[in-house]
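Quick look at start31.cif (mmCIF, C-alpha atoms, pLDDT in the B column; chains and numbers go by the auth columns):
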data_upload
loop_
_atom_site.group_PDB
_atom_site.id
_atom_site.type_symbol
_atom_site.label_atom_id
_atom_site.label_comp_id
_atom_site.label_asym_id
_atom_site.label_seq_id
_atom_site.Cartn_x
_atom_site.Cartn_y
_atom_site.Cartn_z
_atom_site.B_iso_or_equiv
_atom_site.auth_seq_id
_atom_site.auth_asym_id
ATOM 1 C CA MET A 1 101.232 129.413 -38.658 58.00 1 A
ATOM 2 C CA ILE A 2 101.949 131.409 -41.813 70.00 2 A
ATOM 3 C CA GLU A 3 99.170 131.502 -44.391 80.00 3 A
ATOM 4 C CA LEU A 4 100.569 132.753 -47.699 85.00 4 A
ATOM 5 C CA ILE A 5 98.503 135.066 -49.883 87.00 5 A
ATOM 6 C CA GLU A 6 99.875 136.064 -53.282 88.00 6 A
ATOM 7 C CA ALA A 7 100.060 139.848 -53.143 90.00 7 A
ATOM 8 C CA GLY A 8 101.988 140.888 -56.245 90.00 8 A
ATOM 9 C CA LYS A 9 105.009 140.349 -58.425 92.00 9 A
ATOM 10 C CA THR A 10 108.530 141.660 -58.856 92.00 10 A
ATOM 11 C CA PHE A 11 109.886 142.555 -62.268 91.00 11 A
ATOM 12 C CA LYS A 12 113.342 143.495 -63.526 90.00 12 A
ATOM 13 C CA THR A 13 116.250 144.683 -61.412 90.00 13 A
ATOM 14 C CA HIS A 14 117.136 148.344 -61.402 85.00 14 A
ATOM 15 C CA GLY A 15 120.271 150.206 -60.348 83.00 15 A
ATOM 16 C CA LEU A 16 123.343 148.935 -58.552 87.00 16 A
ATOM 17 C CA LYS A 17 121.920 148.279 -55.062 86.00 17 A
ATOM 18 C CA GLY A 18 119.603 145.378 -55.880 88.00 18 A
ATOM 19 C CA GLU A 19 116.395 147.363 -56.364 92.00 19 A
ATOM 20 C CA MET A 20 113.584 145.891 -58.420 92.00 20 A
ATOM 21 C CA THR A 21 110.422 147.195 -59.951 92.00 21 A
ATOM 22 C CA PHE A 22 107.327 145.594 -58.462 93.00 22 A
ATOM 23 C CA GLU A 23 103.568 145.733 -58.437 91.00 23 A
ATOM 24 C CA ALA A 24 101.367 144.900 -55.459 89.00 24 A
ATOM 25 C CA LEU A 25 97.617 144.422 -55.437 87.00 25 A
ATOM 26 C CA ASP A 26 96.040 147.633 -54.122 86.00 26 A
ATOM 27 C CA LYS A 27 94.251 145.941 -51.237 86.00 27 A
ATOM 28 C CA TYR A 28 97.580 144.691 -49.800 89.00 28 A
ATOM 29 C CA PHE A 29 99.720 147.791 -50.399 90.00 29 A
ATOM 30 C CA GLU A 30 99.275 149.450 -46.992 89.00 30 A
ATOM 31 C CA PHE A 31 99.827 146.137 -45.232 91.00 31 A
ATOM 32 C CA ILE A 32 103.102 145.633 -47.119 93.00 32 A
ATOM 33 C CA GLU A 33 104.247 149.159 -46.220 91.00 33 A
ATOM 34 C CA ALA A 34 103.490 148.556 -42.545 90.00 34 A
ATOM 35 C CA GLU A 35 104.806 144.999 -42.187 91.00 35 A
ATOM 36 C CA LYS A 36 107.946 145.479 -44.322 93.00 36 A
ATOM 37 C CA VAL A 37 108.231 141.751 -45.104 94.00 37 A
ATOM 38 C CA LEU A 38 107.439 139.683 -48.187 95.00 38 A
ATOM 39 C CA PHE A 39 107.757 135.966 -48.749 94.00 39 A
ATOM 40 C CA PHE A 40 109.186 134.293 -51.843 93.00 40 A
ATOM 41 C CA MET A 41 109.002 130.613 -52.706 91.00 41 A
ATOM 42 C CA ILE A 42 112.572 129.350 -52.979 88.00 42 A
ATOM 43 C CA GLU A 43 113.102 125.639 -53.576 86.00 43 A
ATOM 44 C CA GLY A 44 109.584 124.956 -52.297 83.00 44 A
ATOM 45 C CA ASN A 45 109.988 126.957 -49.073 87.00 45 A
ATOM 46 C CA ALA A 46 108.474 130.306 -48.093 88.00 46 A
ATOM 47 C CA VAL A 47 111.467 132.534 -47.357 92.00 47 A
ATOM 48 C CA PRO A 48 110.939 135.977 -45.764 93.00 48 A
ATOM 49 C CA PHE A 49 112.718 139.036 -47.158 95.00 49 A
ATOM 50 C CA PHE A 50 112.624 142.265 -45.173 95.00 50 A
ATOM 51 C CA ILE A 51 112.087 145.553 -46.992 95.00 51 A
ATOM 52 C CA GLU A 52 114.620 148.339 -46.387 92.00 52 A
ATOM 53 C CA GLU A 53 113.213 151.010 -44.048 88.00 53 A
ATOM 54 C CA ASP A 54 114.044 153.905 -46.399 85.00 54 A
ATOM 55 C CA CYS A 55 112.482 152.188 -49.422 84.00 55 A
ATOM 56 C CA ASP A 56 109.709 154.316 -51.021 82.00 56 A
ATOM 57 C CA LEU A 57 107.256 151.723 -52.319 89.00 57 A
ATOM 58 C CA GLU A 58 105.006 154.401 -53.846 88.00 58 A
ATOM 59 C CA GLU A 59 107.552 154.759 -56.656 86.00 59 A
ATOM 60 C CA GLY A 60 107.112 151.122 -57.670 88.00 60 A
ATOM 61 C CA MET A 61 110.607 150.181 -56.548 91.00 61 A
ATOM 62 C CA ILE A 62 111.511 147.735 -53.816 94.00 62 A
ATOM 63 C CA ARG A 63 114.793 146.900 -52.057 93.00 63 A
ATOM 64 C CA PHE A 64 115.422 144.199 -49.451 94.00 64 A
ATOM 65 C CA LYS A 65 117.840 144.263 -46.510 92.00 65 A
ATOM 66 C CA ASP A 66 119.767 141.135 -47.526 88.00 66 A
ATOM 67 C CA ILE A 67 119.937 141.980 -51.237 90.00 67 A
ATOM 68 C CA LYS A 68 122.764 144.388 -52.041 89.00 68 A
ATOM 69 C CA SER A 69 123.514 143.817 -55.744 91.00 69 A
ATOM 70 C CA PRO A 70 121.662 143.323 -59.036 90.00 70 A
ATOM 71 C CA GLU A 71 123.078 139.814 -59.253 91.00 71 A
ATOM 72 C CA SER A 72 121.559 138.728 -55.939 89.00 72 A
ATOM 73 C CA ALA A 73 118.284 140.513 -56.772 91.00 73 A
ATOM 74 C CA LYS A 74 117.886 138.487 -59.980 91.00 74 A
ATOM 75 C CA GLN A 75 116.856 135.404 -57.976 89.00 75 A
ATOM 76 C CA LEU A 76 113.744 137.330 -56.883 92.00 76 A
ATOM 77 C CA SER A 77 112.995 139.201 -60.109 91.00 77 A
ATOM 78 C CA ASN A 78 109.986 138.305 -62.268 91.00 78 A
ATOM 79 C CA THR A 79 108.597 136.304 -59.365 91.00 79 A
ATOM 80 C CA PRO A 80 105.327 136.392 -57.426 92.00 80 A
ATOM 81 C CA PHE A 81 105.581 137.402 -53.779 94.00 81 A
ATOM 82 C CA TYR A 82 103.357 136.628 -50.825 93.00 82 A
ATOM 83 C CA ILE A 83 102.256 138.147 -47.534 92.00 83 A
ATOM 84 C CA ASP A 84 101.445 136.400 -44.268 88.00 84 A
ATOM 85 C CA GLY A 85 97.661 136.132 -44.482 83.00 85 A
ATOM 86 C CA SER A 86 97.402 135.155 -40.815 80.00 86 A
ATOM 87 C CA ARG A 87 98.506 138.723 -39.940 81.00 87 A
ATOM 88 C CA TRP A 88 96.355 140.497 -42.546 76.00 88 A
ATOM 89 C CA HIS A 89 92.821 141.120 -41.320 70.00 89 A
ATOM 90 C CA GLY A 90 91.470 143.230 -44.147 65.00 90 A
ATOM 91 C CA GLU A 91 89.876 140.512 -46.282 51.00 91 A
ATOM 92 C CA PRO A 92 86.827 142.132 -47.857 44.00 92 A
ATOM 93 C CA THR A 93 83.452 140.505 -47.516 36.00 93 A
ATOM 94 C CA GLY A 94 80.353 140.528 -49.665 40.00 94 A
ATOM 95 C CA ASP A 95 79.802 141.035 -53.380 40.00 95 A
ATOM 96 C CA VAL A 96 80.250 144.812 -53.298 43.00 96 A
ATOM 97 C CA HIS A 97 84.016 144.542 -53.424 47.00 97 A
ATOM 98 C CA LYS A 98 83.874 142.230 -56.447 45.00 98 A
ATOM 99 C CA GLU A 99 81.581 144.640 -58.271 43.00 99 A
ATOM 100 C CA MET A 100 83.856 147.587 -57.473 53.00 100 A
ATOM 101 C CA GLU A 101 87.265 146.202 -58.310 42.00 101 A
ATOM 102 C CA GLU A 102 88.666 149.676 -58.816 52.00 102 A
ATOM 103 C CA ASP A 103 89.979 151.787 -55.976 77.00 103 A
ATOM 104 C CA ILE A 104 87.150 154.271 -55.354 86.00 104 A
ATOM 105 C CA VAL A 105 89.117 156.711 -53.211 89.00 105 A
ATOM 106 C CA GLY A 106 88.633 160.139 -54.772 91.00 106 A
ATOM 107 C CA TYR A 107 85.282 159.273 -56.352 93.00 107 A
ATOM 108 C CA ALA A 108 82.413 161.747 -56.127 94.00 108 A
ATOM 109 C CA PHE A 109 79.660 160.552 -53.787 95.00 109 A
ATOM 110 C CA HIS A 110 75.953 161.420 -53.719 95.00 110 A
ATOM 111 C CA ASP A 111 73.179 160.243 -51.387 95.00 111 A
ATOM 112 C CA THR A 112 69.678 160.591 -52.859 95.00 112 A
ATOM 113 C CA THR A 113 67.936 160.349 -49.458 94.00 113 A
ATOM 114 C CA SER A 114 69.611 163.404 -47.927 94.00 114 A
ATOM 115 C CA SER A 115 70.739 165.072 -51.194 94.00 115 A
ATOM 116 C CA LYS A 116 74.230 165.323 -49.706 95.00 116 A
ATOM 117 C CA SER A 117 77.289 165.087 -51.944 95.00 117 A
ATOM 118 C CA GLY A 118 80.956 164.724 -51.179 94.00 118 A
ATOM 119 C CA VAL A 119 84.176 162.871 -51.940 95.00 119 A
ATOM 120 C CA ILE A 120 85.235 159.373 -50.868 93.00 120 A
ATOM 121 C CA MET A 121 88.448 159.861 -48.877 92.00 121 A
ATOM 122 C CA GLU A 122 89.168 156.325 -47.708 89.00 122 A
ATOM 123 C CA ILE A 123 87.843 152.777 -47.590 86.00 123 A
ATOM 124 C CA GLU A 124 88.004 150.877 -44.302 82.00 124 A
ATOM 125 C CA GLU A 125 87.563 147.113 -44.616 77.00 125 A
ATOM 126 C CA PHE A 126 86.451 145.188 -41.552 70.00 126 A
ATOM 127 C CA PRO A 127 85.537 141.496 -41.303 64.00 127 A
ATOM 128 C CA SER A 128 81.828 142.297 -41.046 67.00 128 A
ATOM 129 C CA GLN A 129 81.528 145.296 -43.373 75.00 129 A
ATOM 130 C CA ILE A 130 83.193 147.897 -45.563 81.00 130 A
ATOM 131 C CA LEU A 131 82.981 151.556 -44.529 85.00 131 A
ATOM 132 C CA LEU A 132 83.500 154.584 -46.726 89.00 132 A
ATOM 133 C CA LEU A 133 85.087 157.658 -45.172 90.00 133 A
ATOM 134 C CA VAL A 134 83.332 160.489 -47.001 94.00 134 A
ATOM 135 C CA THR A 135 83.935 164.208 -46.613 93.00 135 A
ATOM 136 C CA ILE A 136 80.845 166.388 -47.005 93.00 136 A
ATOM 137 C CA GLN A 137 81.107 170.147 -46.419 91.00 137 A
ATOM 138 C CA GLU A 138 84.410 169.717 -44.526 89.00 138 A
ATOM 139 C CA LYS A 139 82.940 167.057 -42.192 92.00 139 A
ATOM 140 C CA LEU A 140 83.926 163.392 -42.217 92.00 140 A
ATOM 141 C CA PHE A 141 81.338 160.601 -42.157 92.00 141 A
ATOM 142 C CA TYR A 142 81.753 156.830 -41.964 89.00 142 A
ATOM 143 C CA LEU A 143 79.122 155.232 -44.175 90.00 143 A
ATOM 144 C CA PRO A 144 78.496 151.497 -44.619 88.00 144 A
ATOM 145 C CA LEU A 145 79.003 150.291 -48.179 85.00 145 A
ATOM 146 C CA ARG A 146 76.142 147.885 -48.792 83.00 146 A
ATOM 147 C CA GLU A 147 75.244 146.566 -52.206 79.00 147 A
ATOM 148 C CA GLU A 148 71.498 147.086 -51.718 81.00 148 A
ATOM 149 C CA TRP A 149 72.016 150.822 -51.124 87.00 149 A
ATOM 150 C CA ILE A 150 74.008 151.421 -54.345 87.00 150 A
ATOM 151 C CA LEU A 151 71.980 153.049 -57.100 89.00 151 A
ATOM 152 C CA GLU A 152 74.778 153.823 -59.551 88.00 152 A
ATOM 153 C CA PHE A 153 78.483 153.072 -59.813 86.00 153 A
ATOM 154 C CA ASN A 154 80.368 154.679 -62.698 86.00 154 A
ATOM 155 C CA ALA A 155 84.104 153.938 -62.825 82.00 155 A
ATOM 156 C CA GLU A 156 84.578 156.038 -65.959 84.00 156 A
ATOM 157 C CA GLN A 157 83.115 159.171 -64.349 89.00 157 A
ATOM 158 C CA LYS A 158 84.403 158.210 -60.878 90.00 158 A
ATOM 159 C CA PHE A 159 80.987 158.511 -59.309 91.00 159 A
ATOM 160 C CA LEU A 160 79.042 156.553 -56.672 91.00 160 A
ATOM 161 C CA LYS A 161 75.335 157.247 -56.046 93.00 161 A
ATOM 162 C CA MET A 162 73.668 155.631 -53.052 92.00 162 A
ATOM 163 C CA GLN A 163 70.304 155.697 -51.292 94.00 163 A
ATOM 164 C CA LEU A 164 71.172 155.578 -47.604 92.00 164 A
ATOM 165 C CA PRO A 165 68.648 155.107 -44.775 91.00 165 A
ATOM 166 C CA ASP A 166 67.327 158.267 -43.101 90.00 166 A
ATOM 167 C CA GLY A 167 69.483 159.693 -40.320 87.00 167 A
ATOM 168 C CA MET A 168 72.917 158.606 -41.577 86.00 168 A
ATOM 169 C CA PHE A 169 74.243 162.183 -41.320 84.00 169 A
ATOM 170 C CA ASP A 170 72.658 163.139 -37.960 77.00 170 A
#
Do you think you could lay out the structure here as structure tokens?
Amino acid sequence: MIELIEAGKTFKTHGLKGEMTFEALDKYFEFIEAEKVLFFMIEGNAVPFFIEEDCDLEEGMIRFKDIKSPESAKQLSNTPFYIDGSRWHGEPTGDVHKEMEEDIVGYAFHDTTSSKSGVIMEIEEFPSQILLLVTIQEKLFYLPLREEWILEFNAEQKFLKMQLPDGMFD
């Protein structure tokens, strides 16, 4: 059974092949790239549209397999789109994600317990927890992101300071 989750919106058409500008919520972007299908509500029904394989979504442009002209793309422009939530398993849990609405990839990281510093390379979201992939002195570490361990979060300076339990880097 399809469970629709609103994941973004299309905007105006662009070019002669039915491309449109679009914006997807960051947390769904990788899923959209992998699945290559979006749903639009048309006359009260969820209709799937498949994204062209050669479409570079990073540029903020999207093109669908069955849409070949600006005229046919107009029916989907300035419209919200949805993903199949029953296939997406990355729903974040806990209050940490709400507090850190920004994408923290690239943020500086510091642990006061070990005095280790590094850079957040990736965020992995699992049903039970969120893990940060942090690089410290050319080594990668998976670290749990737990609200009670956060000492400071500064979006302006792109900095996260935590106090992790002893032994996290052993």
Hey, what comes out of the PyMOL selection byres ((chain A and resi 119) around 9) on this file? Could you write it as a CSV table (one decimal) with C-alpha atoms, in the coordinates of the input?
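Here's the written file part19.csv:
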chain,number,residue,atom,x,y,z
A,105,VAL,CA,89.1,156.7,-53.2
A,106,GLY,CA,88.6,160.1,-54.8
A,107,TYR,CA,85.3,159.3,-56.4
A,108,ALA,CA,82.4,161.7,-56.1
A,109,PHE,CA,79.7,160.6,-53.8
A,110,HIS,CA,76.0,161.4,-53.7
A,117,SER,CA,77.3,165.1,-51.9
A,118,GLY,CA,81.0,164.7,-51.2
A,120,ILE,CA,85.2,159.4,-50.9
A,121,MET,CA,88.4,159.9,-48.9
A,133,LEU,CA,85.1,157.7,-45.2
A,134,VAL,CA,83.3,160.5,-47.0
A,135,THR,CA,83.9,164.2,-46.6
A,136,ILE,CA,80.8,166.4,-47.0
- Message: What does the structure give for the distance between CA of Ile32 (chain A) and CA of Phe141 (chain A), in Å to one decimal?
- Response: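 Between CA of Ile32 (chain A) and CA of Phe141 (chain A) the gap works out to 26.9 Å.
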- Item | Counting all atoms listed in the file, the option among A:Glu138, A:Glu122, A:Glu147, A:Glu3 closest to Met162 (chain A) |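 Looking only at the distances to Met162 (chain A), the closest residue turns out to be A:Glu147.
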- Query: Rounded to one decimal in Å, what is the spacing between CA of Glu35 (chain A) and CA of Thr10 (chain A)?
  - Reply: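 Interatomic distance here is 17.4 Å.
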- CA of Ser69 (chain A) to CA of Gly44 (chain A): how many Å, to one decimal?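 Between CA of Ser69 (chain A) and CA of Gly44 (chain A) the gap works out to 23.7 Å.
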